[in-house]
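A.B. asks: Contents of entry-v2.txt (compact mmCIF, C-alpha atoms) are below:
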# COMPACT_ATOMS: atom_id res chain seq x y z
CA MET A 1 0.00 0.00 0.00
CA GLU A 2 1.31 3.45 -0.94
CA GLY A 3 2.16 5.87 1.86
CA ASP A 4 2.62 5.44 5.58
CA ASN A 5 -0.97 5.92 6.72
CA LYS A 6 -2.36 2.43 7.09
CA LYS A 7 -6.14 2.32 6.88
CA ASN A 8 -8.04 0.32 9.50
CA ILE A 9 -11.18 -1.35 8.18
CA ALA A 10 -13.76 -3.25 10.23
CA VAL A 11 -15.87 -5.88 8.47
CA VAL A 12 -18.96 -6.49 10.63
CA ILE A 13 -21.19 -9.54 10.15
CA ASN A 14 -23.22 -11.93 12.28
CA SER A 15 -20.81 -14.79 11.55
CA LEU A 16 -18.44 -16.22 8.94
CA ILE A 17 -20.22 -19.57 9.09
CA LEU A 18 -19.38 -21.92 6.26
CA GLY A 19 -22.18 -22.13 3.69
CA GLY A 20 -23.48 -18.59 4.08
CA GLY A 21 -23.24 -16.45 0.94
CA ALA A 22 -22.76 -13.17 2.82
CA GLY A 23 -20.07 -14.72 5.02
CA ARG A 24 -18.24 -15.92 1.95
CA VAL A 25 -18.22 -12.47 0.35
CA ALA A 26 -17.32 -10.73 3.62
CA SER A 27 -14.35 -13.07 4.11
CA ILE A 28 -13.15 -12.55 0.54
CA VAL A 29 -13.52 -8.77 0.48
CA GLY A 30 -11.95 -8.31 3.91
CA SER A 31 -9.12 -10.76 3.26
CA GLU A 32 -8.26 -9.24 -0.12
CA LEU A 33 -8.16 -5.75 1.34
CA ASN A 34 -5.95 -7.09 4.14
CA LYS A 35 -3.59 -8.63 1.58
CA ARG A 36 -3.35 -5.27 -0.18
CA GLY A 37 -1.91 -3.63 2.92
CA TYR A 38 -4.94 -2.48 4.90
CA GLN A 39 -5.47 -3.63 8.48
CA VAL A 40 -8.78 -5.47 8.42
CA HIS A 41 -10.70 -6.41 11.57
CA PHE A 42 -13.46 -9.02 11.30
CA LEU A 43 -16.07 -8.26 13.98
CA VAL A 44 -18.64 -11.03 14.43
CA PHE A 45 -21.67 -11.40 16.68
CA THR A 46 -21.48 -15.20 16.74
CA ASP A 47 -18.32 -17.29 16.73
CA VAL A 48 -18.55 -20.62 14.91
CA GLN A 49 -16.17 -23.52 14.49
CA ASP A 50 -16.71 -24.08 10.76
CA LYS A 51 -16.03 -20.70 9.23
CA TYR A 52 -14.66 -19.31 5.98
CA GLU A 53 -10.94 -18.65 5.83
CA TYR A 54 -9.92 -15.04 6.44
CA ASN A 55 -6.86 -12.80 6.60
CA GLY A 56 -6.92 -10.18 9.32
CA ILE A 57 -7.81 -9.71 12.97
CA TYR A 58 -10.82 -11.69 14.19
CA PHE A 59 -12.88 -10.58 17.20
CA ASP A 60 -16.17 -11.75 18.66
CA ILE A 61 -18.09 -8.71 19.91
CA GLY A 62 -21.24 -10.71 20.58
CA LYS A 63 -20.06 -12.51 23.72
CA ASP A 64 -22.56 -12.59 26.59
CA ILE A 65 -25.37 -11.23 24.39
CA ASN A 66 -28.18 -13.79 24.51
CA ILE A 67 -31.30 -13.27 22.42
CA LYS A 68 -34.37 -15.07 23.78
CA ASN A 69 -37.24 -12.91 22.50
CA THR A 70 -38.11 -9.77 20.52
CA LEU A 71 -37.10 -7.46 23.36
CA GLY A 72 -33.79 -9.28 23.67
CA ALA A 73 -33.18 -8.86 19.94
CA LEU A 74 -33.84 -5.13 20.19
CA LEU A 75 -31.53 -4.73 23.19
CA ALA A 76 -28.87 -6.74 21.35
CA ILE A 77 -28.82 -4.17 18.53
CA PHE A 78 -28.01 -1.42 21.03
CA ARG A 79 -25.42 -3.43 22.95
CA ARG A 80 -23.70 -4.41 19.71
CA GLY A 81 -23.88 -0.81 18.50
CA TRP A 82 -22.12 0.37 21.65
CA ARG A 83 -19.42 -2.29 21.32
CA ILE A 84 -18.85 -1.41 17.65
CA LYS A 85 -18.44 2.26 18.54
CA LYS A 86 -16.05 1.38 21.36
CA TYR A 87 -14.00 -0.97 19.16
CA CYS A 88 -13.77 1.62 16.39
CA LYS A 89 -12.48 4.24 18.83
CA GLU A 90 -9.95 1.94 20.51
CA HIS A 91 -8.55 0.64 17.20
CA ASN A 92 -8.77 3.84 15.14
CA ILE A 93 -11.10 2.25 12.58
CA ASP A 94 -11.45 4.46 9.51
CA THR A 95 -14.25 2.60 7.75
CA VAL A 96 -16.84 0.02 8.76
CA ILE A 97 -18.29 -2.31 6.12
CA SER A 98 -21.28 -4.25 7.45
CA PHE A 99 -23.00 -7.23 5.84
CA MET A 100 -26.66 -8.19 6.32
CA GLU A 101 -29.38 -6.60 8.41
CA GLU A 102 -28.26 -7.60 11.91
CA ALA A 103 -24.88 -6.00 11.35
CA ASN A 104 -26.30 -3.06 9.39
CA PHE A 105 -28.74 -2.13 12.16
CA ALA A 106 -26.07 -2.33 14.87
CA CYS A 107 -23.64 -0.20 12.86
CA ILE A 108 -26.26 2.48 12.22
CA VAL A 109 -27.08 2.52 15.96
CA SER A 110 -23.38 2.96 16.71
CA LYS A 111 -23.43 6.03 14.45
CA THR A 112 -26.76 7.63 15.37
CA ILE A 113 -27.16 6.76 19.06
CA PHE A 114 -23.57 6.37 20.23
CA LYS A 115 -22.02 8.99 17.90
CA ASN A 116 -19.54 6.72 16.16
CA LYS A 117 -17.52 9.03 13.87
CA THR A 118 -16.31 6.17 11.67
CA LYS A 119 -17.49 6.04 8.06
CA ILE A 120 -20.32 3.50 7.87
CA ILE A 121 -20.92 1.49 4.70
CA ILE A 122 -23.78 -0.99 4.90
CA SER A 123 -24.26 -3.85 2.47
CA ILE A 124 -27.64 -5.31 1.52
CA ARG A 125 -27.08 -8.87 0.32
CA ASN A 126 -30.60 -10.14 -0.36
CA ASN A 127 -33.91 -8.95 -1.76
CA PRO A 128 -35.10 -6.34 0.80
CA PHE A 129 -38.76 -6.82 -0.13
CA LYS A 130 -38.71 -10.38 1.18
CA LYS A 131 -37.92 -9.17 4.69
CA LYS A 132 -40.54 -9.20 7.42
CA LYS A 133 -42.72 -6.12 7.79
CA ASN A 134 -40.99 -4.84 10.94
CA ALA A 135 -37.54 -5.35 9.42
CA LYS A 136 -38.52 -3.28 6.38
CA LYS A 137 -39.79 -0.49 8.64
CA ILE A 138 -36.47 -0.42 10.49
CA MET A 139 -34.59 -0.42 7.18
CA LYS A 140 -36.55 2.60 5.95
CA LEU A 141 -35.87 4.39 9.24
CA PHE A 142 -32.19 3.49 9.72
CA TYR A 143 -30.58 3.06 6.31
CA PRO A 144 -30.67 6.74 5.22
CA PHE A 145 -28.15 7.41 8.02
CA ALA A 146 -25.49 5.22 6.40
CA ASP A 147 -22.72 7.05 4.57
CA ILE A 148 -23.10 4.64 1.65
CA VAL A 149 -25.44 1.72 0.93
CA THR A 150 -24.10 -1.04 -1.30
CA VAL A 151 -26.26 -3.60 -3.10
CA VAL A 152 -25.39 -6.63 -5.20
CA SER A 153 -27.62 -6.01 -8.23
CA LYS A 154 -28.96 -3.20 -10.40
CA LYS A 155 -32.49 -4.42 -9.77
CA ALA A 156 -32.02 -4.08 -5.99
CA LYS A 157 -30.72 -0.51 -6.45
CA MET A 158 -33.73 0.40 -8.57
CA ASP A 159 -36.18 -1.03 -6.03
CA LEU A 160 -34.51 0.71 -3.08
CA GLN A 161 -34.50 4.05 -4.85
CA ASN A 162 -38.16 3.75 -5.80
CA ASN A 163 -39.53 2.31 -2.56
CA PHE A 164 -37.12 3.20 0.25
CA GLY A 165 -36.11 6.69 -0.85
CA LEU A 166 -32.40 5.88 -0.61
CA GLU A 167 -30.00 7.90 -2.75
CA LYS A 168 -26.41 7.00 -1.81
CA ILE A 169 -26.50 3.54 -3.37
CA GLU A 170 -23.66 1.76 -5.15
CA VAL A 171 -23.86 -1.57 -6.99
CA ILE A 172 -20.94 -3.88 -6.26
CA TYR A 173 -21.28 -7.43 -7.53
CA ASN A 174 -20.02 -10.46 -5.63
CA PRO A 175 -16.43 -11.34 -6.56
CA ILE A 176 -15.21 -14.49 -8.28
CA ASN A 177 -11.60 -15.65 -8.02
CA LEU A 178 -11.30 -17.56 -11.29
CA GLU A 179 -7.73 -18.70 -10.66
CA LYS A 180 -8.59 -20.16 -7.27
CA ILE A 181 -11.72 -21.81 -8.65
CA GLU A 182 -9.74 -23.46 -11.42
CA TYR A 183 -7.31 -24.88 -8.86
CA LEU A 184 -10.04 -26.10 -6.47
CA SER A 185 -12.13 -27.62 -9.25
CA LYS A 186 -9.30 -30.02 -10.11
CA GLN A 187 -9.23 -31.65 -6.68
CA LYS A 188 -10.60 -35.18 -6.45
CA LEU A 189 -14.03 -36.00 -5.12
CA PRO A 190 -14.24 -38.01 -1.89
CA PHE A 191 -14.34 -41.71 -2.74
CA GLN A 192 -17.79 -42.24 -1.18
CA TYR A 193 -19.32 -39.66 -3.55
CA SER A 194 -17.34 -40.24 -6.75
CA ARG A 195 -19.61 -43.12 -7.84
CA LEU A 196 -22.61 -40.77 -7.98
CA PHE A 197 -20.98 -38.86 -10.82
CA GLN A 198 -19.89 -41.85 -12.87
CA ASN A 199 -21.84 -42.83 -16.00
CA ASN A 200 -24.79 -40.63 -15.00
CA PHE A 201 -26.14 -37.28 -16.09
CA VAL A 202 -25.85 -35.15 -12.94
CA PHE A 203 -27.79 -32.02 -12.06
CA ILE A 204 -26.50 -30.02 -9.11
CA ASN A 205 -28.08 -27.41 -6.83
CA ILE A 206 -26.27 -25.50 -4.08
CA GLY A 207 -28.03 -23.54 -1.35
CA ARG A 208 -29.30 -23.57 2.19
CA LEU A 209 -32.17 -25.97 2.69
CA ILE A 210 -34.73 -23.25 3.30
CA GLU A 211 -37.96 -22.14 1.66
CA GLN A 212 -36.27 -19.35 -0.31
CA LYS A 213 -34.09 -21.77 -2.29
CA GLY A 214 -37.04 -23.71 -3.74
CA GLN A 215 -35.59 -27.23 -3.51
CA ILE A 216 -39.07 -28.60 -2.82
CA TYR A 217 -40.22 -27.47 -6.28
CA LEU A 218 -36.99 -28.78 -7.81
CA ILE A 219 -37.44 -32.26 -6.36
CA HIS A 220 -41.06 -32.41 -7.52
CA ALA A 221 -39.94 -31.45 -11.04
CA PHE A 222 -37.08 -33.92 -10.92
CA LYS A 223 -39.53 -36.79 -10.37
CA GLU A 224 -40.74 -36.24 -13.95
CA VAL A 225 -37.16 -36.31 -15.21
CA VAL A 226 -36.49 -39.64 -13.47
CA ASN A 227 -39.61 -41.13 -15.02
CA SER A 228 -37.89 -40.74 -18.40
CA ASN A 229 -34.27 -41.28 -17.30
CA LYS A 230 -33.98 -43.69 -14.39
CA ASP A 231 -30.22 -43.20 -13.89
CA VAL A 232 -30.17 -39.40 -13.77
CA LYS A 233 -28.95 -37.86 -10.49
CA LEU A 234 -29.66 -34.67 -8.55
CA ILE A 235 -27.03 -33.55 -6.04
CA ILE A 236 -27.95 -30.88 -3.51
CA LEU A 237 -25.22 -29.23 -1.42
CA GLY A 238 -26.23 -27.27 1.67
CA GLU A 239 -27.82 -27.56 5.09
CA GLY A 240 -30.87 -26.00 6.67
CA GLU A 241 -34.12 -26.30 8.53
CA LEU A 242 -35.93 -28.12 5.71
CA ARG A 243 -33.60 -31.13 5.56
CA GLY A 244 -36.13 -33.43 7.25
CA ARG A 245 -38.95 -32.26 5.03
CA LEU A 246 -36.85 -32.73 1.89
CA GLU A 247 -35.76 -36.20 2.99
CA ASN A 248 -39.41 -37.17 3.53
CA LEU A 249 -40.30 -35.83 0.08
CA ILE A 250 -37.49 -37.80 -1.54
CA ASN A 251 -38.71 -40.98 0.13
CA LYS A 252 -42.36 -40.25 -0.70
CA LEU A 253 -41.52 -39.83 -4.40
CA GLY A 254 -39.28 -42.90 -4.44
CA LEU A 255 -36.17 -40.90 -5.36
CA GLU A 256 -33.74 -42.38 -2.81
CA LYS A 257 -31.48 -43.62 -5.62
CA ASN A 258 -31.61 -40.38 -7.56
CA VAL A 259 -31.56 -37.40 -5.18
CA PHE A 260 -28.75 -36.93 -2.65
CA LEU A 261 -28.46 -34.27 0.07
CA LEU A 262 -24.72 -34.09 0.73
CA GLY A 263 -24.66 -31.19 3.21
CA ASN A 264 -22.22 -28.26 3.30
CA LYS A 265 -18.94 -28.65 1.45
CA LYS A 266 -15.90 -26.42 1.83
CA ASN A 267 -14.88 -26.96 -1.79
CA VAL A 268 -18.03 -26.97 -3.94
CA TYR A 269 -16.08 -26.58 -7.16
CA LYS A 270 -14.96 -30.20 -7.42
CA TYR A 271 -18.63 -31.20 -7.22
CA LEU A 272 -19.62 -28.60 -9.80
CA THR A 273 -16.97 -29.54 -12.33
CA ASN A 274 -18.02 -33.21 -12.15
CA SER A 275 -21.67 -32.32 -12.78
CA ASP A 276 -23.44 -31.72 -16.10
CA CYS A 277 -25.91 -28.92 -15.38
CA PHE A 278 -26.54 -26.45 -12.56
CA ILE A 279 -30.08 -25.68 -11.35
CA LEU A 280 -31.05 -22.56 -9.42
CA SER A 281 -34.63 -22.94 -8.17
CA SER A 282 -34.77 -19.94 -5.80
CA LEU A 283 -37.91 -17.90 -5.20
CA TRP A 284 -35.80 -14.79 -4.59
CA GLU A 285 -32.13 -13.90 -4.28
CA GLY A 286 -29.68 -11.07 -3.80
CA LEU A 287 -26.97 -12.01 -6.24
CA PRO A 288 -26.59 -15.81 -6.17
CA ASN A 289 -22.94 -16.76 -5.72
CA THR A 290 -23.76 -20.29 -6.78
CA LEU A 291 -24.67 -19.15 -10.29
CA LEU A 292 -21.32 -17.41 -10.60
CA GLU A 293 -19.51 -20.48 -9.29
CA ALA A 294 -21.30 -22.76 -11.74
CA MET A 295 -20.60 -20.47 -14.67
CA ALA A 296 -16.97 -20.18 -13.63
CA VAL A 297 -16.50 -23.92 -14.23
CA GLY A 298 -18.46 -23.71 -17.48
CA LEU A 299 -21.65 -25.54 -16.49
CA PRO A 300 -24.88 -25.09 -18.44
CA ILE A 301 -27.39 -23.20 -16.28
CA ILE A 302 -31.12 -23.53 -15.70
CA SER A 303 -32.29 -20.76 -13.38
CA THR A 304 -35.50 -19.17 -12.20
CA ASP A 305 -35.74 -15.54 -13.29
CA CYS A 306 -36.32 -14.49 -9.71
CA ALA A 307 -35.66 -11.07 -8.24
CA THR A 308 -32.87 -10.19 -7.93
CA GLY A 309 -29.63 -11.26 -9.61
CA PRO A 310 -30.01 -14.25 -11.96
CA ARG A 311 -30.99 -12.19 -15.00
CA GLU A 312 -27.95 -9.92 -14.55
CA ILE A 313 -25.69 -12.99 -14.53
CA VAL A 314 -27.33 -15.34 -17.03
CA ALA A 315 -28.62 -12.77 -19.56
CA PRO A 316 -26.92 -9.43 -18.85
CA ASP A 317 -28.08 -7.96 -22.17
CA LEU A 318 -31.70 -8.02 -21.00
CA LEU A 319 -33.16 -4.91 -19.43
CA ILE A 320 -33.91 -5.28 -15.73
CA ASP A 321 -37.70 -5.02 -16.12
CA GLU A 322 -37.97 -6.31 -19.69
CA LYS A 323 -40.87 -8.70 -20.28
CA ILE A 324 -39.74 -12.02 -21.72
CA GLU A 325 -41.27 -15.35 -22.65
CA TYR A 326 -40.12 -18.48 -20.81
CA PRO A 327 -38.04 -20.46 -21.32
CA TYR A 328 -35.59 -17.72 -22.27
CA ARG A 329 -32.31 -19.14 -23.59
CA SER A 330 -29.06 -17.21 -23.88
CA ASN A 331 -25.63 -18.70 -24.69
CA GLY A 332 -26.50 -22.14 -23.40
CA GLN A 333 -28.17 -20.79 -20.25
CA THR A 334 -31.91 -20.76 -19.52
CA LEU A 335 -34.20 -18.53 -17.47
CA LEU A 336 -37.55 -19.88 -16.30
CA SER A 337 -40.57 -18.33 -14.64
CA PRO A 338 -39.86 -18.04 -10.88
CA PHE A 339 -41.83 -19.93 -8.26
CA ASN A 340 -43.93 -17.93 -5.82
CA LEU A 341 -45.33 -18.82 -2.41
CA LYS A 342 -48.69 -17.43 -3.56
CA ASP A 343 -48.92 -19.74 -6.59
CA ASP A 344 -51.97 -21.98 -6.54
CA TYR A 345 -51.61 -25.72 -7.12
CA ASP A 346 -52.20 -25.59 -10.87
CA LEU A 347 -49.72 -22.77 -11.47
CA ARG A 348 -47.08 -24.41 -9.28
CA GLU A 349 -47.54 -27.70 -11.15
CA LYS A 350 -47.21 -25.92 -14.49
CA LYS A 351 -43.94 -24.26 -13.44
CA GLU A 352 -42.57 -27.57 -12.14
CA ARG A 353 -43.48 -29.24 -15.43
CA LEU A 354 -41.68 -26.53 -17.43
CA LEU A 355 -38.60 -26.99 -15.23
CA ALA A 356 -38.72 -30.73 -15.82
CA GLU A 357 -39.02 -30.20 -19.58
CA GLU A 358 -36.00 -27.91 -19.61
CA MET A 359 -33.96 -30.43 -17.62
CA LEU A 360 -34.92 -33.13 -20.12
CA ASN A 361 -33.97 -30.76 -22.94
CA CYS A 362 -30.57 -30.31 -21.32
CA ILE A 363 -30.06 -34.10 -21.13
CA ASN A 364 -31.23 -34.82 -24.66
CA ASN A 365 -29.29 -32.01 -26.33
CA LYS A 366 -26.14 -32.71 -24.29
CA ARG A 367 -25.28 -29.08 -23.75
CA LYS A 368 -21.53 -28.68 -23.60
CA LYS A 369 -19.56 -26.96 -20.88
CA GLN A 370 -18.13 -23.61 -21.91
CA LYS A 371 -15.85 -21.19 -20.11
CA ASN A 372 -17.42 -17.86 -19.28
CA VAL A 373 -15.54 -14.57 -19.13
CA LEU A 374 -17.42 -13.12 -16.11
CA SER A 375 -15.30 -9.97 -16.37
CA ASN A 376 -17.75 -7.87 -14.32
CA PHE A 377 -17.33 -10.28 -11.40
CA ARG A 378 -13.57 -10.84 -11.42
CA LEU A 379 -11.96 -10.52 -8.00
CA ASP A 380 -9.49 -7.73 -8.84
CA PHE A 381 -12.21 -5.69 -10.57
CA ILE A 382 -14.58 -5.97 -7.59
CA ILE A 383 -11.91 -5.21 -4.97
CA ASP A 384 -10.89 -2.14 -6.96
CA LYS A 385 -14.53 -0.98 -6.78
CA TRP A 386 -14.47 -1.34 -2.99
CA LYS A 387 -11.20 0.58 -2.82
CA LYS A 388 -12.53 3.35 -5.05
CA LEU A 389 -15.79 3.51 -3.11
CA ASN A 390 -13.97 3.90 0.20
CA LYS A 391 -11.09 6.00 -1.16
CA PHE A 392 -8.63 3.57 0.37
Using structure tokens, write down the structure that the file contains.

C.D. replies:
Amino acid sequence: MEGDNKKNIAVVINSLILGGGAGRVASIVGSELNKRGYQVHFLVFTDVQDKYEYNGIYFDIGKDINIKNTLGALLAIFRRGWRIKKYCKEHNIDTVISFMEEANFACIVSKTIFKNKTKIIISIRNNPFKKKKNAKKIMKLFYPFADIVTVVSKKAKMDLQNNFGLEKIEVIYNPINLEKIEYLSKQKLPFQYSRLFQNNFVFINIGRLIEQKGQIYLIHAFKEVVNSNKDVKLIILGEGELRGRLENLINKLGLEKNVFLLGNKKNVYKYLTNSDCFILSSLWEGLPNTLLEAMAVGLPIISTDCATGPREIVAPDLLIDEKIEYPYRSNGQTLLSPFNLKDDYDLREKKERLLAEEMLNCINNKRKKQKNVLSNFRLDFIIDKWKKLNKF
């Protein structure tokens, strides 16, 4: 880093738990800034054993803060806000970058209530309109006090400007380290899983096992695919509260030999590169890292055209609000009509059938893997945007 004045940056997030998209980005952005000569402090509210790798100082500021109810959650915001302000003062922090609502709220409290003089940059990682009503009210009240608000998609920026009245918004995409991905993708699969990828057409989905990620719809659709191709496989990487429900669905549909829930994996790229097609079935997103990861290894993509993110990755030439007919195909990738919790049975069944048909189309046409440039998401390009944004 040029000059003698070393910048101190605090990256604030609930946790760096393995499998979380925001944690992954926070660890990458903070670590890369640390490697470039800045002193980066990772401040977490919850320490976990299985966390993303990081470069910098790591500190748990959430010790002794137990949340048992709504009042406890509210008090936690203030206690965390005070600790953030205190830490910033003691360590001469120049800039705070917070990820996700818990951290964003606490950092704004540190600024507005406890008079933290540090520059506060908050980062919205998901679709804000899918938050609970009270959370959205707090966002509208608190977020205008941030020095800068960053979002991960152009669609999210547009929505926040139109509905939240925010002005100081910058779009910074999630970064992809193509060199690291290429190295990790060449590692061997664990022996107990390698047989799943041999002599079979393999679809893969990566995401937490929660309602947002739509794996229930995906498994229903996949039943139709198996009816025509008995050896086809679906691999799902991730953990979450719906594991039991998904396992029951797999058993109910008789898919025990076709669908496999393999849990969280530190290196997802060796699973991706051994698969044939990536499926994103989400109902909503921020900017799905998994799509970027799949494209980085050249996989064909079938994705819901959910708000926000997939369209900007899969078909960047489309306008954000442009009306299209589904399936929409672009350079070997496909966008499909997104699922919605308000869909009635007939509409849901229709969407599942269209997903199944596109998966069958992918099998029958044997779409080839192709390397993607992904220049707008390259690590150096994204880190330079953070540096420029913060005037580091």

A.B. asks: Which one of A:Ile148, A:Ala356, A:Leu184, A:Leu43 sits closest to Ile219 of chain A if you count all atoms listed in the file?

C.D. replies: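 Selected residue with least distance to Ile219 of chain A: A:Ala356.
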
A.B. asks: Take the point (-25.3, -24.6, -20.6) as written in the file and pick out every residue within 7 Å of it, counting only C-alpha atoms; give the list as a list in words.

C.D. replies: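 The answer, in the requested form, is Cys277, Leu299, Pro300, Ile301, Gly332, Gln333, Arg367, Lys368 and Lys369 of chain A.
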
A.B. asks: Select, from A:Val96, A:Val268, A:Val12, A:Ile65, the residue with the minimum atom-to-atom distance to Gln187 of chain A, counting all atoms listed in the file.

C.D. replies: A:Val268

A.B. asks: With all atoms listed in the file counted, which protein, DNA or RNA residues have an atom no more than 7 Å from (-27.0, -35.8, -12.3) in the file frame? Please answer as a ChimeraX atom specification.

C.D. replies: /A:197,200-204,232-235,275-276

A.B. asks: Please give the centre and size of the box around segment 285-292 of chain A (axis-aligned, containing every atom listed in the file, 6 Å added per side), with values in Å to one decimal and written as AutoDock Vina command-line options.

C.D. replies:
--center_x -26.7 --center_y -15.7 --center_z -7.2 --size_x 22.8 --size_y 21.2 --size_z 18.8

A.B. asks: Kindly indicate which residue among A:Val11, A:Leu335, A:Ile363, A:Ile383 lies nearest to Tyr173 of chain A, using all atoms listed in the file for the distances.

C.D. replies: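 Ranking A:Val11, A:Leu335, A:Ile363, A:Ile383 by distance to Tyr173 of chain A, first place goes to A:Ile383.
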
A.B. asks: Considering all atoms listed in the file, can you say which of A:Glu322, A:Asp231, A:Asp47, A:Asp384 comes closest to Ile172 of chain A?

C.D. replies: A:Asp384

A.B. asks: For atom CA of Glu357 of chain A and atom CA of Tyr269 of chain A, determine how far apart the two atoms are, in Å to one decimal place.

C.D. replies: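 The value is 26.3 Å.
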
A.B. asks: Which value, in Å to one decimal, gives the distance between atom CA of Glu53 of chain A and atom CA of Asn14 of chain A?

C.D. replies: 15.4 Å

A.B. asks: Starting from the incomplete input, reconstruct N, CA and C atoms of segment 161-182 of chain A and write that as a PDB file, keeping the file's coordinate frame.

C.D. replies:
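Everything below was put into result.pdb:
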ATOM      1  N   GLN A 161     -34.293   2.640  -4.505  1.00  0.00           N
ATOM      2  CA  GLN A 161     -34.500   4.050  -4.850  1.00  0.00           C
ATOM      3  C   GLN A 161     -35.984   4.373  -4.957  1.00  0.00           C
ATOM      4  N   ASN A 162     -36.744   3.487  -5.556  1.00  0.00           N
ATOM      5  CA  ASN A 162     -38.160   3.750  -5.800  1.00  0.00           C
ATOM      6  C   ASN A 162     -39.033   3.574  -4.564  1.00  0.00           C
ATOM      7  N   ASN A 163     -38.652   2.669  -3.665  1.00  0.00           N
ATOM      8  CA  ASN A 163     -39.530   2.310  -2.560  1.00  0.00           C
ATOM      9  C   ASN A 163     -39.003   2.665  -1.168  1.00  0.00           C
ATOM     10  N   PHE A 164     -37.690   2.875  -1.051  1.00  0.00           N
ATOM     11  CA  PHE A 164     -37.120   3.200   0.250  1.00  0.00           C
ATOM     12  C   PHE A 164     -36.596   4.637   0.314  1.00  0.00           C
ATOM     13  N   GLY A 165     -36.573   5.305  -0.830  1.00  0.00           N
ATOM     14  CA  GLY A 165     -36.110   6.690  -0.850  1.00  0.00           C
ATOM     15  C   GLY A 165     -34.617   6.849  -0.611  1.00  0.00           C
ATOM     16  N   LEU A 166     -33.846   5.792  -0.810  1.00  0.00           N
ATOM     17  CA  LEU A 166     -32.400   5.880  -0.610  1.00  0.00           C
ATOM     18  C   LEU A 166     -31.730   6.455  -1.844  1.00  0.00           C
ATOM     19  N   GLU A 167     -30.686   7.244  -1.638  1.00  0.00           N
ATOM     20  CA  GLU A 167     -30.000   7.900  -2.750  1.00  0.00           C
ATOM     21  C   GLU A 167     -28.541   7.465  -2.872  1.00  0.00           C
ATOM     22  N   LYS A 168     -27.858   7.304  -1.771  1.00  0.00           N
ATOM     23  CA  LYS A 168     -26.410   7.000  -1.810  1.00  0.00           C
ATOM     24  C   LYS A 168     -26.216   5.490  -1.954  1.00  0.00           C
ATOM     25  N   ILE A 169     -26.540   4.985  -3.125  1.00  0.00           N
ATOM     26  CA  ILE A 169     -26.500   3.540  -3.370  1.00  0.00           C
ATOM     27  C   ILE A 169     -25.482   3.221  -4.449  1.00  0.00           C
ATOM     28  N   GLU A 170     -24.655   2.227  -4.181  1.00  0.00           N
ATOM     29  CA  GLU A 170     -23.660   1.760  -5.150  1.00  0.00           C
ATOM     30  C   GLU A 170     -23.865   0.261  -5.388  1.00  0.00           C
ATOM     31  N   VAL A 171     -23.781  -0.153  -6.641  1.00  0.00           N
ATOM     32  CA  VAL A 171     -23.860  -1.570  -6.990  1.00  0.00           C
ATOM     33  C   VAL A 171     -22.456  -2.154  -7.050  1.00  0.00           C
ATOM     34  N   ILE A 172     -22.205  -3.154  -6.212  1.00  0.00           N
ATOM     35  CA  ILE A 172     -20.940  -3.880  -6.260  1.00  0.00           C
ATOM     36  C   ILE A 172     -21.273  -5.370  -6.284  1.00  0.00           C
ATOM     37  N   TYR A 173     -20.982  -6.006  -7.397  1.00  0.00           N
ATOM     38  CA  TYR A 173     -21.280  -7.430  -7.530  1.00  0.00           C
ATOM     39  C   TYR A 173     -20.404  -8.275  -6.609  1.00  0.00           C
ATOM     40  N   ASN A 174     -20.838  -9.506  -6.379  1.00  0.00           N
ATOM     41  CA  ASN A 174     -20.020 -10.460  -5.630  1.00  0.00           C
ATOM     42  C   ASN A 174     -18.803 -10.850  -6.465  1.00  0.00           C
ATOM     43  N   PRO A 175     -17.651 -11.030  -5.814  1.00  0.00           N
ATOM     44  CA  PRO A 175     -16.430 -11.340  -6.560  1.00  0.00           C
ATOM     45  C   PRO A 175     -16.244 -12.834  -6.827  1.00  0.00           C
ATOM     46  N   ILE A 176     -15.574 -13.123  -7.924  1.00  0.00           N
ATOM     47  CA  ILE A 176     -15.210 -14.490  -8.280  1.00  0.00           C
ATOM     48  C   ILE A 176     -13.701 -14.547  -8.534  1.00  0.00           C
ATOM     49  N   ASN A 177     -13.034 -15.443  -7.824  1.00  0.00           N
ATOM     50  CA  ASN A 177     -11.600 -15.650  -8.020  1.00  0.00           C
ATOM     51  C   ASN A 177     -11.424 -16.818  -8.989  1.00  0.00           C
ATOM     52  N   LEU A 178     -11.319 -16.517 -10.271  1.00  0.00           N
ATOM     53  CA  LEU A 178     -11.300 -17.560 -11.290  1.00  0.00           C
ATOM     54  C   LEU A 178     -10.070 -18.462 -11.180  1.00  0.00           C
ATOM     55  N   GLU A 179      -8.942 -17.896 -10.797  1.00  0.00           N
ATOM     56  CA  GLU A 179      -7.730 -18.700 -10.660  1.00  0.00           C
ATOM     57  C   GLU A 179      -7.864 -19.720  -9.528  1.00  0.00           C
ATOM     58  N   LYS A 180      -8.404 -19.268  -8.404  1.00  0.00           N
ATOM     59  CA  LYS A 180      -8.590 -20.160  -7.270  1.00  0.00           C
ATOM     60  C   LYS A 180      -9.626 -21.239  -7.592  1.00  0.00           C
ATOM     61  N   ILE A 181     -10.685 -20.843  -8.277  1.00  0.00           N
ATOM     62  CA  ILE A 181     -11.720 -21.810  -8.650  1.00  0.00           C
ATOM     63  C   ILE A 181     -11.160 -22.888  -9.562  1.00  0.00           C
ATOM     64  N   GLU A 182     -10.328 -22.478 -10.515  1.00  0.00           N
ATOM     65  CA  GLU A 182      -9.740 -23.460 -11.420  1.00  0.00           C
ATOM     66  C   GLU A 182      -8.888 -24.473 -10.660  1.00  0.00           C
TER      67      GLU A 182
END
